[in-house]
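Engineer: Next comes final.txt, compact mmCIF, C-alpha atoms and all ligand atoms:
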```txt
# COMPACT_ATOMS: atom_id res chain seq x y z
CA MET A 152 137.27 149.00 115.26
CA VAL A 153 139.37 152.13 115.64
CA ALA A 154 138.43 154.80 113.11
CA ASP A 155 134.73 154.93 113.93
CA ARG A 156 135.50 155.71 117.57
CA ALA A 157 137.73 158.72 116.94
CA GLY A 158 136.34 161.88 118.51
CA ARG A 159 133.36 160.04 120.01
CA ASP A 160 132.45 159.55 123.65
CA TRP A 161 132.67 155.86 124.48
CA CYS A 162 134.02 153.65 127.23
CA LEU A 163 136.49 150.80 127.46
CA PHE A 164 135.15 148.41 130.12
CA LEU A 165 137.97 146.19 131.38
CA ASP A 166 137.75 143.01 133.37
CA ARG A 167 140.47 142.89 136.04
CA ASP A 168 141.69 139.36 136.89
CA GLY A 169 143.22 137.66 133.86
CA VAL A 170 143.34 140.92 131.88
CA LEU A 171 145.27 143.38 134.04
CA ASN A 172 146.71 141.00 136.61
CA ARG A 173 147.40 137.34 137.08
CA GLN A 174 144.34 135.39 138.15
CA ILE A 175 144.93 133.42 141.35
CA VAL A 176 143.41 130.00 140.77
CA GLY A 177 141.22 128.89 143.66
CA ASP A 178 141.69 132.14 145.58
CA TYR A 179 141.25 135.91 145.32
CA VAL A 180 143.63 138.82 145.21
CA ARG A 181 143.11 139.83 148.82
CA SER A 182 146.06 142.15 149.36
CA TRP A 183 148.43 144.28 147.30
CA PRO A 184 151.38 141.83 147.41
CA GLN A 185 149.14 139.29 145.65
CA PHE A 186 148.46 141.69 142.80
CA GLN A 187 150.78 140.91 139.88
CA TRP A 188 150.50 142.85 136.64
CA LEU A 189 150.37 140.58 133.61
CA PRO A 190 153.26 141.12 131.17
CA GLY A 191 152.61 144.22 129.09
CA ALA A 192 149.33 145.10 130.78
CA PHE A 193 150.59 148.31 132.37
CA ALA A 194 152.15 149.49 129.10
CA ALA A 195 148.96 148.51 127.30
CA LEU A 196 146.95 150.79 129.59
CA GLU A 197 149.31 153.66 128.76
CA GLN A 198 148.46 153.14 125.09
CA LEU A 199 144.76 152.43 125.52
CA SER A 200 144.20 155.49 127.69
CA ASP A 201 145.27 157.66 124.75
CA TRP A 202 142.61 155.96 122.66
CA ALA A 203 139.66 155.50 125.00
CA PRO A 204 137.93 158.58 126.43
CA HIS A 205 136.87 156.53 129.47
CA ILE A 206 138.25 153.39 131.11
CA VAL A 207 136.17 151.58 133.73
CA VAL A 208 137.19 148.33 135.45
CA VAL A 209 134.29 145.93 136.08
CA THR A 210 135.12 142.95 138.27
CA ASN A 211 133.30 140.12 140.03
CA GLN A 212 134.77 139.69 143.53
CA GLN A 213 132.72 136.95 145.10
CA GLY A 214 135.41 136.56 147.77
CA ILE A 215 133.79 139.56 149.50
CA GLY A 216 130.44 137.75 149.67
CA LYS A 217 132.27 134.68 150.97
CA LYS A 218 133.82 136.87 153.69
CA LEU A 219 137.32 135.88 152.57
CA MET A 220 138.11 139.58 152.16
CA THR A 221 136.37 142.87 152.78
CA ALA A 222 135.13 145.45 150.30
CA ASP A 223 137.61 147.88 151.88
CA GLN A 224 140.51 145.52 151.15
CA VAL A 225 139.44 145.36 147.50
CA SER A 226 139.06 149.15 147.38
CA SER A 227 142.55 149.62 148.75
CA ILE A 228 143.96 147.31 146.06
CA HIS A 229 142.17 149.42 143.46
CA ALA A 230 143.58 152.58 145.01
CA ARG A 231 147.08 151.10 144.67
CA ILE A 232 146.44 150.19 141.02
CA ALA A 233 145.19 153.72 140.37
CA GLY A 234 148.22 155.14 142.20
CA GLU A 235 150.70 153.20 140.05
CA LEU A 236 148.88 154.19 136.87
CA ALA A 237 148.71 157.85 137.91
CA LEU A 238 152.53 157.93 137.84
CA SER A 239 152.18 157.33 134.10
CA ARG A 240 149.24 159.75 133.87
CA VAL A 241 146.82 156.91 133.18
CA THR A 242 143.38 157.42 134.72
CA ILE A 243 140.84 154.72 135.44
CA ASP A 244 137.49 156.55 135.65
CA GLU A 245 136.08 154.07 138.11
CA PHE A 246 136.39 150.55 139.52
CA ARG A 247 133.02 148.81 139.71
CA VAL A 248 132.90 145.69 141.88
CA CYS A 249 130.22 143.02 142.31
CA PRO A 250 130.76 141.69 145.84
CA HIS A 251 127.88 139.23 145.75
CA LEU A 252 127.80 135.46 145.82
CA ASP A 253 126.97 133.66 142.61
CA MET A 254 123.93 132.17 144.33
CA ALA A 255 122.63 135.63 145.27
CA SER A 256 121.55 136.15 141.63
CA CYS A 257 122.21 139.90 141.85
CA ARG A 258 121.93 142.20 138.85
CA CYS A 259 125.62 143.10 138.84
CA ARG A 260 127.55 139.82 138.82
CA LYS A 261 128.81 139.14 135.31
CA PRO A 262 127.35 137.94 132.97
CA ALA A 263 124.57 140.23 134.28
CA PRO A 264 125.05 143.71 132.80
CA GLY A 265 124.34 145.78 135.95
CA MET A 266 127.84 147.17 136.54
CA VAL A 267 128.05 148.55 133.00
CA LEU A 268 124.43 149.71 132.81
CA ASP A 269 124.71 151.55 136.14
CA TRP A 270 127.82 153.37 134.96
CA LEU A 271 126.22 154.24 131.62
CA ARG A 272 123.15 155.61 133.41
CA VAL A 273 125.24 158.29 135.13
CA HIS A 274 127.20 158.98 131.92
CA PRO A 275 124.42 159.57 129.39
CA ASP A 276 126.78 161.16 126.85
CA VAL A 277 128.71 157.90 126.47
CA ASP A 278 127.65 155.87 123.46
CA PRO A 279 127.20 152.22 124.46
CA THR A 280 127.16 151.10 120.84
CA LEU A 281 130.78 152.29 120.44
CA SER A 282 131.82 150.94 123.82
CA LEU A 283 133.94 147.87 124.28
CA VAL A 284 134.11 145.16 126.93
CA VAL A 285 137.47 143.40 127.30
CA GLY A 286 137.65 140.22 129.36
CA ASP A 287 139.17 136.78 129.54
CA SER A 288 136.08 134.78 130.51
CA PRO A 289 132.95 133.70 128.66
CA SER A 290 131.02 135.65 131.32
CA ASP A 291 132.68 138.89 130.16
CA ILE A 292 131.64 138.24 126.58
CA ALA A 293 128.14 137.25 127.71
CA MET A 294 127.92 140.48 129.72
CA ALA A 295 128.76 142.48 126.60
CA ARG A 296 125.91 140.70 124.81
CA ASN A 297 123.57 141.51 127.70
CA VAL A 298 124.64 145.16 127.62
CA ALA A 299 124.01 145.20 123.88
CA ALA A 300 120.56 143.69 124.37
CA ALA A 301 119.70 146.46 126.84
CA THR A 302 121.26 149.42 125.01
CA GLY A 303 121.33 148.55 121.33
CA GLY A 304 125.01 147.68 121.07
CA CYS A 305 128.32 146.96 122.77
CA SER A 306 131.36 145.15 121.36
CA SER A 307 133.50 142.54 123.07
CA VAL A 308 137.13 141.50 122.96
CA GLN A 309 138.32 138.30 124.54
CA ILE A 310 141.83 138.18 125.96
CA GLY A 311 143.74 134.91 126.20
CA THR A 312 142.78 131.64 124.61
CA GLN A 313 142.05 129.33 127.51
CA LYS A 314 138.30 129.37 127.08
CA PRO A 315 137.73 130.99 123.70
CA SER A 316 134.23 132.25 123.11
CA ALA A 317 133.02 132.16 119.54
CA ARG A 318 130.71 135.01 120.44
CA ALA A 319 133.43 137.61 121.03
CA ASP A 320 133.81 140.23 118.29
CA ALA A 321 137.59 139.87 118.43
CA THR A 322 140.23 137.91 120.33
CA PHE A 323 143.77 138.84 121.33
CA GLY A 324 146.43 136.95 123.28
CA SER A 325 146.84 139.73 125.81
CA LEU A 326 145.86 143.32 126.58
CA TRP A 327 149.23 144.28 125.11
CA ASP A 328 148.33 142.58 121.82
CA LEU A 329 145.07 144.55 121.72
CA ALA A 330 146.90 147.82 122.46
CA THR A 331 149.43 147.06 119.73
CA ALA A 332 146.68 146.39 117.19
CA VAL A 333 144.92 149.62 118.16
CA GLY A 334 148.19 151.56 117.89
CA GLN A 335 148.95 150.19 114.43
CA THR A 336 145.48 150.96 113.14
CA ARG A 337 145.58 154.47 114.58
CA GLU A 338 148.91 155.18 112.88
CA GLY A 339 147.33 154.12 109.64
CA HIS A 340 144.47 156.58 110.13
CA ASP A 341 146.36 159.60 111.48
MG MG B 1 138.77 137.68 134.31
ZN ZN B 2 126.39 141.74 142.38
```
Output the structure of this file as structure tokens.
Ligand SMILES: [Mg+2]
Ligand SMILES: [Zn+2]
Structural biologist:
Amino acid sequence: MVADRAGRDWCLFLDRDGVLNRQIVGDYVRSWPQFQWLPGAFAALEQLSDWAPHIVVVTNQQGIGKKLMTADQVSSIHARIAGELALSRVTIDEFRVCPHLDMASCRCRKPAPGMVLDWLRVHPDVDPTLSLVVGDSPSDIAMARNVAAATGGCSSVQIGTQKPSARADATFGSLWDLATAVGQTREGHD
């Protein structure tokens, strides 16, 4: 999983809620005080940003479509995340958000692959077949499969074990566990 990506242009696509921060059950992260980093997630990003040439967050935020929050509120949360990470010189290339209702059947709400495909379209040098989707939900893993169907390949890693998907290429307890595994493998190859 590690050696074949060295020196290549690829992207780590990260789900947000349940991977970076605590998911709020029955609600949405509407404001910065509600955003809580999961244990080890920030440190994991410090490690993963050394490994991945690009990091893009792809997140369904149906609460915008439900008018429970505005797109600007979500953008300002993402600006705060980026600001905290910048202090550790970690860069998120972009935050891609699907604001639509489930019932809208848009092309960007996961498991649809639109958010990833749109980003890949403007980054033609990035190899989708070496790219990796990391998420905690079956819809993240299904999105990776849909990206693969459209581009010829894309791997998936499922975080957490609440709803394990047999279709993920790998599973880890947390983003930190993934970062640790990557770090160990890289040491072995350096
Ligand atoms: Mg999630
Ligand atoms: Zn959408």
Engineer: Smallest atom-to-atom distance to ligand ZN 2 (chain B): which of A:Ile215, A:Ala233, A:Cys305, A:Ala295, using only C-alpha atoms and all ligand atoms?
Structural biologist: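 Comparing A:Ile215, A:Ala233, A:Cys305, A:Ala295 against ligand ZN 2 (chain B), the winner is A:Ile215.
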Engineer: Just the residues within 10 Å of Ala321 (chain A), please, counting only C-alpha atoms, with nothing from its chain fewer than 4 positions along; format it as an MDAnalysis selection string.
Structural biologist: chainID A and resid 152 285 306:310 316:317 329
Engineer: Scan for residues within 12 Å of the point (135.0, 148.8, 139.1) in the coordinates of the file, using all atoms listed in the file, and reply as a PyMOL selection string.
Structural biologist: chain A and resi 163-168+206-212+222+225-226+228-230+232-233+243-250+259-260+265-267+269-270
Engineer: Looking at only C-alpha atoms, which of A:Ile292, A:Gly303, A:Gly214, A:Val241 is the one that sits closest to Leu199 (chain A)?
Structural biologist: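 When distances to Leu199 (chain A) are compared using only C-alpha atoms, the smallest one comes from A:Val241.
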Engineer: May I have the residues within 7 Å of Gly304 (chain A) as a compact mmCIF listing (two decimals) with C-alpha atoms, keeping the file's coordinate frame, using all atoms listed in the file and disregarding those fewer than 2 positions away in the same chain?
Structural biologist:
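The result, stored in around.txt:
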```
# COMPACT_ATOMS: atom_id res chain seq x y z
CA PRO A 279 127.20 152.22 124.46
CA THR A 280 127.16 151.10 120.84
CA ALA A 299 124.01 145.20 123.88
CA ALA A 300 120.56 143.69 124.37
CA THR A 302 121.26 149.42 125.01
CA SER A 306 131.36 145.15 121.36
```
Engineer: Do a neighbour search on Asn297 (chain A) at 8 Å with all atoms listed in the file, toss out local chain neighbours closer than 5 positions, and write the hits as a list in words.
Structural biologist: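 Neighbouring residues, sequence-local ones excluded: Pro262, Ala263 and Pro264 of chain A.
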Engineer: Next, write the just-selected residues to a file, as a CSV table (one decimal), keeping the file's coordinate frame, keeping C-alpha atoms as the atom set.
Structural biologist:
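Okay, this is what ended up in result-v7.csv:
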```csv
chain,number,residue,atom,x,y,z
A,262,PRO,CA,127.4,137.9,133.0
A,263,ALA,CA,124.6,140.2,134.3
A,264,PRO,CA,125.0,143.7,132.8
```
Engineer: For a test of reading the model, state the distance in Å between CA of Glu197 (chain A) and atom MG of ligand MG 1 (chain B), rounded to one decimal.
Structural biologist: 19.9 Å
